[in-house]
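Visitor: I am sharing work-v2.cif, which consists of mmCIF, C-alpha atoms:
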```cif
data_upload
loop_
_atom_site.label_atom_id
_atom_site.label_comp_id
_atom_site.auth_asym_id
_atom_site.auth_seq_id
_atom_site.Cartn_x
_atom_site.Cartn_y
_atom_site.Cartn_z
CA MET A 1 -20.59 33.59 2.87
CA SER A 2 -23.97 32.38 4.01
CA GLU A 3 -25.52 29.17 2.72
CA THR A 4 -28.74 29.33 0.75
CA THR A 5 -30.74 26.25 -0.16
CA ILE A 6 -31.97 26.43 -3.74
CA GLU A 7 -34.31 23.47 -3.56
CA ALA A 8 -34.57 20.15 -1.81
CA GLY A 9 -31.74 17.75 -2.56
CA VAL A 10 -28.65 16.25 -0.98
CA GLN A 11 -27.52 18.58 1.79
CA SER A 12 -23.89 18.52 2.85
CA SER A 13 -21.83 20.58 5.25
CA THR A 14 -18.83 19.98 2.98
CA VAL A 15 -20.28 21.80 -0.03
CA LYS A 16 -21.91 25.24 0.34
CA THR A 17 -24.26 26.92 -2.10
CA GLU A 18 -25.31 30.54 -2.18
CA VAL A 19 -27.25 32.57 -4.74
CA ARG A 20 -26.19 36.12 -5.57
CA GLY A 21 -28.38 37.63 -8.23
CA ASN A 22 -28.23 35.28 -11.20
CA VAL A 23 -25.04 33.59 -10.01
CA LEU A 24 -24.71 30.38 -7.99
CA LEU A 25 -21.70 30.13 -5.70
CA ILE A 26 -20.52 26.58 -5.01
CA GLY A 27 -18.00 26.30 -2.20
CA LEU A 28 -15.87 23.32 -1.22
CA ASN A 29 -16.14 23.41 2.55
CA ARG A 30 -13.75 20.99 4.21
CA PRO A 31 -11.09 23.54 5.09
CA ASN A 32 -9.52 21.54 7.93
CA LYS A 33 -8.62 18.90 5.31
CA LYS A 34 -7.59 21.37 2.60
CA ASN A 35 -10.94 20.67 0.92
CA ALA A 36 -9.79 17.16 -0.03
CA LEU A 37 -12.64 15.62 -2.01
CA THR A 38 -14.76 12.82 -0.56
CA GLY A 39 -17.64 10.74 -1.85
CA GLU A 40 -20.05 12.94 0.06
CA MET A 41 -18.60 16.01 -1.65
CA PHE A 42 -18.89 14.50 -5.13
CA GLU A 43 -22.51 13.61 -4.40
CA ALA A 44 -23.25 17.12 -3.13
CA LEU A 45 -21.50 18.72 -6.10
CA ALA A 46 -23.54 16.59 -8.50
CA GLU A 47 -26.74 17.78 -6.81
CA ALA A 48 -25.61 21.41 -6.86
CA TYR A 49 -24.82 21.16 -10.57
CA LYS A 50 -28.20 19.60 -11.28
CA ARG A 51 -30.03 22.37 -9.40
CA TYR A 52 -27.97 25.01 -11.19
CA ASP A 53 -28.62 23.61 -14.64
CA SER A 54 -32.37 23.27 -14.08
CA ASP A 55 -32.96 26.75 -12.63
CA ASP A 56 -33.48 29.31 -15.41
CA SER A 57 -32.84 32.20 -13.02
CA LEU A 58 -29.25 31.04 -12.54
CA ARG A 59 -27.01 31.95 -15.45
CA CYS A 60 -23.46 31.39 -14.22
CA ALA A 61 -21.77 29.52 -11.39
CA VAL A 62 -18.52 30.05 -9.47
CA LEU A 63 -16.69 27.11 -7.90
CA TYR A 64 -14.34 28.07 -5.07
CA GLY A 65 -12.80 26.73 -1.86
CA GLU A 66 -13.36 27.85 1.72
CA GLY A 67 -10.39 28.34 4.02
CA GLY A 68 -6.71 28.65 3.19
CA VAL A 69 -6.70 26.65 -0.05
CA TYR A 70 -9.05 25.87 -2.91
CA CYS A 71 -8.50 22.09 -3.06
CA ALA A 72 -5.63 19.68 -2.45
CA GLY A 73 -7.27 16.94 -4.54
CA ALA A 74 -9.20 13.80 -3.67
CA ASP A 75 -8.96 12.28 -0.21
CA LEU A 76 -6.57 9.41 -0.99
CA THR A 77 -7.71 7.43 2.03
CA GLN A 78 -11.16 7.08 0.41
CA LEU A 79 -10.24 6.94 -3.27
CA LYS A 80 -10.04 3.15 -3.77
CA GLU A 81 -13.35 2.55 -2.02
CA LEU A 82 -14.96 5.42 -3.90
CA VAL A 83 -13.92 4.11 -7.32
CA GLU A 84 -14.59 0.44 -6.66
CA GLY A 85 -17.95 1.26 -5.09
CA GLY A 86 -19.13 3.14 -8.18
CA GLY A 87 -19.00 6.52 -6.48
CA LEU A 88 -17.68 8.18 -9.63
CA VAL A 89 -20.12 6.54 -12.06
CA TYR A 90 -22.93 8.72 -13.41
CA GLY A 91 -25.93 7.74 -15.49
CA GLU A 92 -28.29 9.67 -17.71
CA GLY A 93 -29.58 12.77 -15.93
CA GLU A 94 -26.87 12.61 -13.27
CA TYR A 95 -24.26 15.37 -13.24
CA ASP A 96 -20.66 14.24 -13.10
CA PRO A 97 -18.67 17.12 -11.54
CA PHE A 98 -15.76 16.10 -13.78
CA GLY A 99 -18.00 16.34 -16.86
CA LEU A 100 -16.96 12.93 -18.19
CA GLU A 101 -20.27 11.04 -18.35
CA GLY A 102 -23.96 11.41 -17.61
CA ALA A 103 -25.33 14.94 -17.95
CA ARG A 104 -23.07 17.95 -18.36
CA LEU A 105 -23.74 21.54 -17.40
CA SER A 106 -25.26 23.52 -20.27
CA LYS A 107 -24.35 26.79 -18.55
CA PRO A 108 -20.97 28.30 -17.63
CA LEU A 109 -18.91 27.55 -14.55
CA ILE A 110 -15.91 29.65 -13.48
CA ALA A 111 -13.33 28.29 -11.05
CA ALA A 112 -11.77 30.71 -8.54
CA VAL A 113 -8.72 29.04 -7.01
CA HIS A 114 -6.21 29.97 -4.34
CA GLY A 115 -3.48 28.41 -2.24
CA MET A 116 -3.46 24.90 -3.70
CA CYS A 117 -5.13 23.62 -6.85
CA PHE A 118 -4.09 20.00 -7.14
CA ALA A 119 -5.22 16.72 -8.68
CA GLY A 120 -9.00 16.23 -8.56
CA GLY A 121 -9.52 19.84 -7.51
CA LEU A 122 -7.72 21.02 -10.63
CA GLU A 123 -9.77 18.59 -12.72
CA LEU A 124 -13.00 20.08 -11.33
CA ALA A 125 -11.72 23.50 -12.38
CA LEU A 126 -10.71 22.29 -15.85
CA ALA A 127 -14.20 20.87 -16.34
CA GLY A 128 -15.51 24.43 -16.19
CA GLU A 129 -15.04 27.21 -18.71
CA PHE A 130 -12.01 29.02 -17.30
CA ILE A 131 -9.94 29.56 -14.16
CA VAL A 132 -9.16 32.73 -12.21
CA ALA A 133 -6.30 32.27 -9.77
CA ALA A 134 -4.96 34.15 -6.79
CA GLU A 135 -1.33 35.19 -6.87
CA GLY A 136 0.86 32.55 -5.26
CA THR A 137 -1.45 29.63 -6.03
CA LEU A 138 0.33 26.32 -6.68
CA PHE A 139 -1.00 23.94 -9.32
CA GLY A 140 -0.26 20.30 -9.91
CA GLN A 141 -1.50 17.02 -11.35
CA PRO A 142 0.62 14.65 -9.23
CA GLU A 143 -1.39 11.43 -9.68
CA VAL A 144 1.50 9.55 -11.36
CA LEU A 145 3.45 10.03 -8.12
CA ARG A 146 0.62 8.32 -6.21
CA GLY A 147 0.29 5.23 -8.38
CA VAL A 148 -2.62 6.37 -10.56
CA PHE A 149 -3.24 8.93 -13.32
CA ALA A 150 -5.41 12.01 -13.84
CA PHE A 151 -8.63 10.07 -14.47
CA GLY A 152 -10.95 12.97 -13.59
CA GLY A 153 -10.42 14.43 -17.06
CA GLY A 154 -7.03 16.01 -16.50
CA ALA A 155 -5.13 13.65 -18.81
CA ALA A 156 -7.24 14.98 -21.70
CA ARG A 157 -8.11 18.53 -20.68
CA TRP A 158 -4.58 19.68 -19.95
CA ALA A 159 -3.73 19.18 -23.60
CA GLU A 160 -6.85 21.13 -24.64
CA SER A 161 -5.76 24.03 -22.44
CA VAL A 162 -1.99 24.20 -22.83
CA GLY A 163 -1.07 21.98 -25.81
CA TYR A 164 0.23 18.43 -25.89
CA ALA A 165 3.86 19.00 -24.97
CA ASN A 166 3.15 21.45 -22.15
CA ALA A 167 0.59 19.01 -20.78
CA GLN A 168 2.99 16.07 -20.76
CA ARG A 169 5.65 18.19 -19.07
CA TYR A 170 3.46 18.21 -15.95
CA LEU A 171 1.22 15.16 -16.34
CA LEU A 172 4.14 12.75 -16.65
CA THR A 173 6.35 14.25 -13.92
CA GLY A 174 3.73 15.33 -11.41
CA HIS A 175 5.65 18.57 -10.94
CA HIS A 176 4.01 21.65 -9.46
CA LEU A 177 3.80 25.01 -11.19
CA ASP A 178 3.01 28.43 -9.82
CA ALA A 179 0.27 30.82 -10.91
CA LYS A 180 2.60 32.83 -13.17
CA GLU A 181 3.64 29.75 -15.12
CA ALA A 182 0.08 28.42 -15.19
CA TYR A 183 -1.00 31.72 -16.74
CA ARG A 184 1.89 31.74 -19.19
CA ILE A 185 1.02 28.34 -20.64
CA GLY A 186 -2.74 28.97 -20.62
CA LEU A 187 -3.83 26.71 -17.77
CA VAL A 188 -5.44 29.71 -16.06
CA GLN A 189 -6.86 32.79 -17.71
CA GLU A 190 -6.34 35.49 -15.10
CA VAL A 191 -4.18 35.99 -11.99
CA VAL A 192 -5.23 38.53 -9.38
CA PRO A 193 -4.19 39.50 -5.84
CA ALA A 194 -5.57 37.02 -3.34
CA GLU A 195 -7.79 39.59 -1.64
CA LYS A 196 -9.46 40.36 -4.97
CA LEU A 197 -10.00 36.79 -6.17
CA PHE A 198 -13.59 36.27 -5.11
CA ASP A 199 -14.76 39.72 -6.20
CA ARG A 200 -13.11 39.34 -9.60
CA ALA A 201 -14.63 35.90 -10.20
CA LEU A 202 -18.05 37.19 -9.16
CA GLN A 203 -17.66 40.22 -11.44
CA LEU A 204 -16.93 37.97 -14.42
CA ALA A 205 -19.83 35.70 -13.51
CA ASP A 206 -22.17 38.71 -13.30
CA GLU A 207 -21.02 39.84 -16.74
CA ILE A 208 -21.76 36.41 -18.19
CA ALA A 209 -25.11 36.34 -16.39
CA ALA A 210 -26.02 39.68 -17.97
CA ALA A 211 -25.56 38.30 -21.48
CA ALA A 212 -28.31 36.55 -23.44
CA PRO A 213 -28.75 33.07 -21.87
CA MET A 214 -29.50 31.23 -25.11
CA GLY A 215 -26.57 32.90 -26.81
CA VAL A 216 -24.28 31.81 -23.97
CA ARG A 217 -25.57 28.22 -24.06
CA HIS A 218 -25.24 27.94 -27.83
CA SER A 219 -21.75 29.39 -27.70
CA LEU A 220 -20.80 26.75 -25.13
CA THR A 221 -22.37 23.99 -27.21
CA VAL A 222 -20.39 24.92 -30.33
CA SER A 223 -17.14 25.54 -28.44
CA ARG A 224 -17.32 22.21 -26.63
CA ARG A 225 -18.12 20.33 -29.84
CA ALA A 226 -15.09 21.93 -31.48
CA ALA A 227 -12.83 21.00 -28.55
CA GLU A 228 -14.06 17.42 -28.40
CA ALA A 229 -14.68 16.57 -32.08
CA GLY A 230 -12.98 19.25 -34.14
CA ALA A 231 -14.06 22.40 -35.93
CA ARG A 232 -15.85 20.58 -38.77
CA ALA A 233 -18.15 18.82 -36.30
CA ALA A 234 -18.84 22.15 -34.62
CA PHE A 235 -19.67 23.82 -37.92
CA ASP A 236 -22.22 21.10 -38.62
CA ILE A 237 -24.41 22.10 -35.66
CA VAL A 238 -24.25 25.86 -36.24
CA PRO A 239 -27.14 26.11 -38.75
CA GLN A 240 -29.68 24.56 -36.39
CA LEU A 241 -28.57 26.63 -33.42
CA ARG A 242 -28.50 29.78 -35.55
CA ALA A 243 -32.08 29.15 -36.66
CA GLU A 244 -33.16 28.68 -33.04
CA VAL A 245 -31.69 31.93 -31.78
CA VAL A 246 -32.29 34.60 -34.42
CA GLY A 247 -36.08 34.74 -33.94
CA THR A 248 -36.04 34.97 -30.15
CA SER A 249 -37.08 37.89 -28.02
CA ASP A 250 -33.51 38.16 -26.77
CA ALA A 251 -32.20 38.53 -30.33
CA ALA A 252 -34.70 41.33 -30.91
CA GLU A 253 -33.63 42.92 -27.65
CA GLY A 254 -30.03 42.72 -28.82
CA VAL A 255 -30.87 44.72 -31.92
CA ALA A 256 -32.97 47.24 -29.97
CA SER A 257 -30.32 47.78 -27.30
CA PHE A 258 -27.68 48.28 -30.01
CA LYS A 259 -29.79 50.92 -31.76
CA GLU A 260 -30.60 52.62 -28.46
CA ARG A 261 -26.99 52.47 -27.26
CA ARG A 262 -27.79 50.72 -24.00
CA ALA A 263 -27.10 47.39 -22.36
CA GLY A 264 -29.47 44.61 -23.32
CA VAL A 265 -31.91 43.19 -20.79
CA TYR A 266 -32.30 39.49 -21.54
CA THR A 267 -34.92 37.02 -20.38
CA GLY A 268 -33.75 33.80 -21.98
CA ARG A 269 -36.67 33.74 -24.45
#
```
Would you write the structure of this file as structure tokens?
Guide:
Amino acid sequence: MSETTIEAGVQSSTVKTEVRGNVLLIGLNRPNKKNALTGEMFEALAEAYKRYDSDDSLRCAVLYGEGGVYCAGADLTQLKELVEGGGLVYGEGEYDPFGLEGARLSKPLIAAVHGMCFAGGLELALAGEFIVAAEGTLFGQPEVLRGVFAFGGGAARWAESVGYANAQRYLLTGHHLDAKEAYRIGLVQEVVPAEKLFDRALQLADEIAAAAPMGVRHSLTVSRRAAEAGARAAFDIVPQLRAEVVGTSDAAEGVASFKERRAGVYTGR
């Protein structure tokens, strides 16, 4: 995959970006180190997320890993320095790739994982909307075996995805699980042959990108509020969002395309 610069920002050889249609591909590119995450990579990811969120022509993103594995987790040799130096602290307008603080993507991100999906790499994937995995992928959140815990969001998001007890089964032991088990408990949403992984993730991203952008964003807003604060809190924001969307050109196009029995063509207005 070729690298395409979207706009000026932090450039890094360890994170690749490429635009295909309305989809942004974001590739972890440290294959000789199993894409172990460094401070440089977190900085580049934050910039890529910021560019994605601010570009109206981009409607979905796919996070993936170059080489033989998706991501083995954070580079442990740099982790202490990274944390103590504030490398994982994000302020207003800054995009935390883990989605814990600062700004958060208002548009969807799909993770396409293969080989290994461990620790911080898994937490990056869980910060997105859903995960597509290649057959044979191994998953794990082994931080408790390395003296720490899943502080990139995993300690909370596992329970959102698979339920409390299933989450603790793996969070507290650090055990690995394979793609079949990850699918069974709901950690991943689709498992495909390895040679079809990228094409399948891109197909799903294209389908999301073809939908009405405001509808997608509002759906994400309500879904995230429900996950984080409960259904009642999510219901409370529906009336305002509903009022914003029903009078748009895209809503009118939705009605017209339904009547004309064709796919809608949406502009985000």
Visitor: Take atom CA of Gly91 of chain A and atom CA of Gly128 of chain A and report the distance between them in Å, one decimal.
Guide: 19.7 Å
Visitor: To test your reading of the syntax: which residues would the PyMOL selection byres ((chain A and resi 214-216) around 8) return for the file shown? Reply as a PyMOL selection string.
Guide: chain A and resi 107-108+208+211-213+217-220+245+268-269
Visitor: May I ask which of the residues A:Gly39, A:Gly21, A:Gly163, A:Gly136 is the closest one to Leu79 of chain A, counting all atoms listed in the file?
Guide: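 Of the candidates, the smallest distance to Leu79 of chain A is held by A:Gly39.
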Visitor: Please compute the atom CA of Gln168 of chain A-atom CA of Arg104 of chain A distance, one decimal, in Å.
Guide: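 Calculated distance between atom CA of Gln168 of chain A and atom CA of Arg104 of chain A is 26.2 Å.
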Visitor: Extract, using all atoms listed in the file, all DNA, RNA and protein residues at most 10 Å from Gly87 of chain A, discarding same-chain residues fewer than 5 positions from it, and format them as a list in words.
Guide: Thr38, Gly39, Glu40, Phe42, Glu43, Leu79, Lys80, Glu81 and Leu82 of chain A
Visitor: Between atom CA of Tyr95 of chain A and atom CA of Val19 of chain A, what is the spacing in Å?
Guide: 19.4 Å
Visitor: Counting all atoms listed in the file, which residue out of A:Ala111, A:Ala36, A:Ala46, A:Ile26 sits closest to Asp75 of chain A?
Guide: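 Using all atoms listed in the file, Asp75 of chain A sits closest to A:Ala36.
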Visitor: Apply the PyMOL selection byres ((chain A and resi 192) around 9) to the structure shown and report the selected residues as a PyMOL selection string.
Guide: chain A and resi 132-135+190-191+193-197+200
Visitor: List the residues matched by the PyMOL selection byres ((chain A and resi 50) around 9) in the displayed structure as a CSV table (one decimal) with C-alpha atoms, keeping the file's coordinate frame, ordered by chain and then by residue number.
Guide:
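Listing of out_25.csv after writing:
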```
chain,number,residue,atom,x,y,z
A,45,LEU,CA,-21.5,18.7,-6.1
A,46,ALA,CA,-23.5,16.6,-8.5
A,47,GLU,CA,-26.7,17.8,-6.8
A,48,ALA,CA,-25.6,21.4,-6.9
A,49,TYR,CA,-24.8,21.2,-10.6
A,51,ARG,CA,-30.0,22.4,-9.4
A,52,TYR,CA,-28.0,25.0,-11.2
A,53,ASP,CA,-28.6,23.6,-14.6
A,54,SER,CA,-32.4,23.3,-14.1
A,55,ASP,CA,-33.0,26.8,-12.6
A,93,GLY,CA,-29.6,12.8,-15.9
A,94,GLU,CA,-26.9,12.6,-13.3
A,95,TYR,CA,-24.3,15.4,-13.2
A,103,ALA,CA,-25.3,14.9,-18.0
A,104,ARG,CA,-23.1,18.0,-18.4
A,105,LEU,CA,-23.7,21.5,-17.4
```
Visitor: Would you please work out which residue, of A:Gln203, A:Ser12, A:Asn32, A:Thr221, is nearest to Ile110 of chain A when using only C-alpha atoms?
Guide: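 Smallest separation from Ile110 of chain A among the options: A:Gln203.
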Visitor: Using all atoms listed in the file, can you tell me which of A:Val83, A:Ala263, A:Leu138, A:Ala252 comes closest to Tyr183 of chain A?
Guide: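 When distances to Tyr183 of chain A are compared using all atoms listed in the file, the smallest one comes from A:Leu138.
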Visitor: Check the smallest atom-to-atom distance from each of A:Ala112, A:Leu28, A:Val23, A:Met41 to Ala210 of chain A using all atoms listed in the file, then report the winner.
Guide: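 The answer is A:Val23, which sits nearest to Ala210 of chain A.
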